[in-house]
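K.L.:
Before anything else, here's the structure in question.
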Amino acid sequence: MRETWNRLSEKQYFRPLIIFIIILLFNGIVSKGEFFTLSIVDGHLYGRIIDIVRNGSKLMILAGGMTMILATGGTDISVGSIMAISGAIACSIVNGNIFPSFNGNVAAAIILAILAGTVSGIWNGFLVAKIKIQPIVATMILMVAGRGIAQLITRGKIVTITSETYYFINGGYICGLPFPLFIVLFLVGFLVLFTGRTAFGLFLESVGCNPTASKYVGIKVDRMLLAIYTLSGAFAAVAGLIESAGIKGADCNNAGLGIEMDAILAVAIGGTNLMGGRFSIPASVIGALIVQSITTTVLALGVPAAYIRVLKALLIIIICLSQSKQFKDLVIKRKMINRKVVGS
Amino acid sequence: MEQTGKRKRVHINNISLVITVVLFILMFLFGSVKYNNFLSLSTFLNLFNDNAYLMIAAIGATFVLISGGIDISIASTIAFTGVSSAFLLERGVPAFLVILLMLLVGIIVGCTQGALIHYFKLQPFIVTLAGQFLMRGLCVVISERSIPISDPFFKTMALGKVAVRLGEAKAWNGKIYYYVFILLIVFAAAVYTLRYTKFGRCLYALGGGETSASLMGLNVARTKIAAYGISSFCAALGGIVFSFYTLAGFGLQNLGLELDALSSAVIGGTLLTGGVGTVAGTVVGVMIEGIIQTIVTYQNLNTWWTKVTIAALLCFFIVIQRIIAIRAEKSKGKNE
């Protein structure tokens, strides 16, 4: 028992998991147990926790892709805009505004939307890996222009759709559990296997620690960067589909607005070093759940939504500081001095 | 070797700037040929009237870029200054106090970011990204609605203008608003600082290589923190000019403006890797963006085309920079 506990507590996802459980317990106590009640209506599970999982699904998917990018010391702030593009394309096709020959075929809409996300990701990866622009600038181009592209696709309007099949992406249930959860399990499971069972994860960490050394070792850094930015783009497109199915339309101005910050925060809470290096995808996914449950909790406590952003920005800085070697040295030095004073 | 290296750097700078100036003239000619009433002094002066705030902010961003860092909190700082000054003016705080306070806030925010980046070795993009969200969040905390400004001083600055007459014909007449003179002062100060002060030389050295700069005995900490301080100060000043321009404060103003500021610096020949750049180039960069905006308006297109075009232009210039840099590296290799 003790051994299992020790082994578990060494994992990177251990701390975030404890934080998540504490937040859940806090919610449970504040709401006097109502938080944990699950009810079954028409064979579907309902409840606050289910809501967190459903609303957090986009974030979990984005955090998965973002973890790999942050592990290499890069960043992708275009995910929100890619979500807008993917939503715009999918809704416009379902609506028949573009490609009327598809007759609003949902499958075609989904495939084309994910394809668009993949192309966006390849574009980001190309700029970062081949042209060697700093990731923040490279992805900022798409972050700003992407919303423009989405606006041009929808011709500046909010596209609303009526398609039960399309709604299923966000509101559907399989075996009583919400459908987005299965998407998350599938994509994140794929990532975990891909980075855990192949050498890819190890290479990622080595690129994050020292790209030059990795290159000399013989790792194809360019190709790896291209691959992870592409994956992140494709994942963002899936998140965009969930978002647009949730609001039953495409709103290019607000879809995924500011979600890149949430995704980075989720990864940071998960304990992945934002300077690059050590990473853990499960930890980031739990981080995403924490971010989502903080949002829900703060809203439930009656704090205005505006404050959440401020809180999250401060959280990021604090977590970054706690990871910074210089900051740790400073704190340790202070403690030592204090101890000396007390000792003498 | 030192001599050739120096010449190469000047060379890179010149090519980018030459392309930029040529591009600007071409666009102006294109507009003049295509549309009636385009070719006039007022079209040219309006580039300054409409973009003064962006130019001020972009000049600040140039300092950070030269130092080899990046600041993406500019747009939120502008919005924050706009909202909070409108909010304070509505409460009856005197105009000069508001302006002073806002500039102070700008400096504090910038120096804090700089200190976090320098002393704790955090990555500039994470810190300024958090700064961006913090300021944007604070905007909404202050007010979710747009606040109109009715302060007499702000109104004078917003509406007061100087007529410029170069000839009898209508095309030779134009006007400059008072706030454009703030831009002129900032521009002159920035050029002086970069060219003729010790701090300016330190900044270029820091951008060229942080390790070598500190080995040379330069005060890296002070230079770096000051660069971020100047950037946020300029953004705050830009925010005040922006509230002169619009006479209102609204938290969602200028979404995505950081790209405009950065791309105008890059279009004007500033290298993203640091160490190279001029303020004059940045101003020409903003003028190009202004002219794209004007053409988009004349053509009656969706305003999002401006952003898409600017992003495309930015990519184009970054690729040019890369090609030049790769060539320079290759020729250096041959010499050795």
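Starting from 1 in every chain, residues are counted up; chains themselves are A, B, ... following the order of the structure tokens, and ligands are numbered from 1 as listed.
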Just need the residues of chain A within 10 Å of chain B, counting only C-alpha atoms, so spit them out as a ChimeraX atom specification.
P.N.:
/A:73-75,77,127,131-138,140-152,155-156,258,260-261,264-265,274-275,304-317,320-330
K.L.:
Show which residues sit within 12 Å of Leu47 in chain B, as an MDAnalysis selection string. Count only C-alpha atoms, and ignore same-chain residues fewer than 6 positions away.
P.N.:
chainID B and resid 24 28 40:41 53:55 174:177 180 283:295
K.L.:
Kindly indicate which residue among A:Thr67, A:Gln292, A:Asn27, A:Ser9 lies nearest to Ile259 in chain A, using only C-alpha atoms for the distances.
P.N.:
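Closest candidate: A:Gln292.
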K.L.:
I need the residues in range 14-194 of chain B that are strand (DSSP E or B) according to DSSP; give them as a list in words.
P.N.:
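Answer for range 14-194 of chain B restricted to strand (DSSP E or B) is Ile147, Pro148, Lys161, Val162, Ala163, Val164, Arg165, Asn173, Gly174, Lys175, Ile176 and Tyr177 of chain B.
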K.L.:
So which residues touch range 35-50 of chain A within 8 Å, counting only C-alpha atoms, skipping near sequence neighbours fewer than 6 positions away, as a list in words?
P.N.:
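That gives Asn27, Gly28, Tyr173, Cys175, Gly176, Leu177 and Pro178 of chain A.
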K.L.:
Can you work out the spacing between CA of Val221 in chain A and CA of Val207 in chain A in Å, to one decimal?
P.N.:
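Atom-to-atom, CA of Val221 in chain A to CA of Val207 in chain A, that is 7.0 Å.
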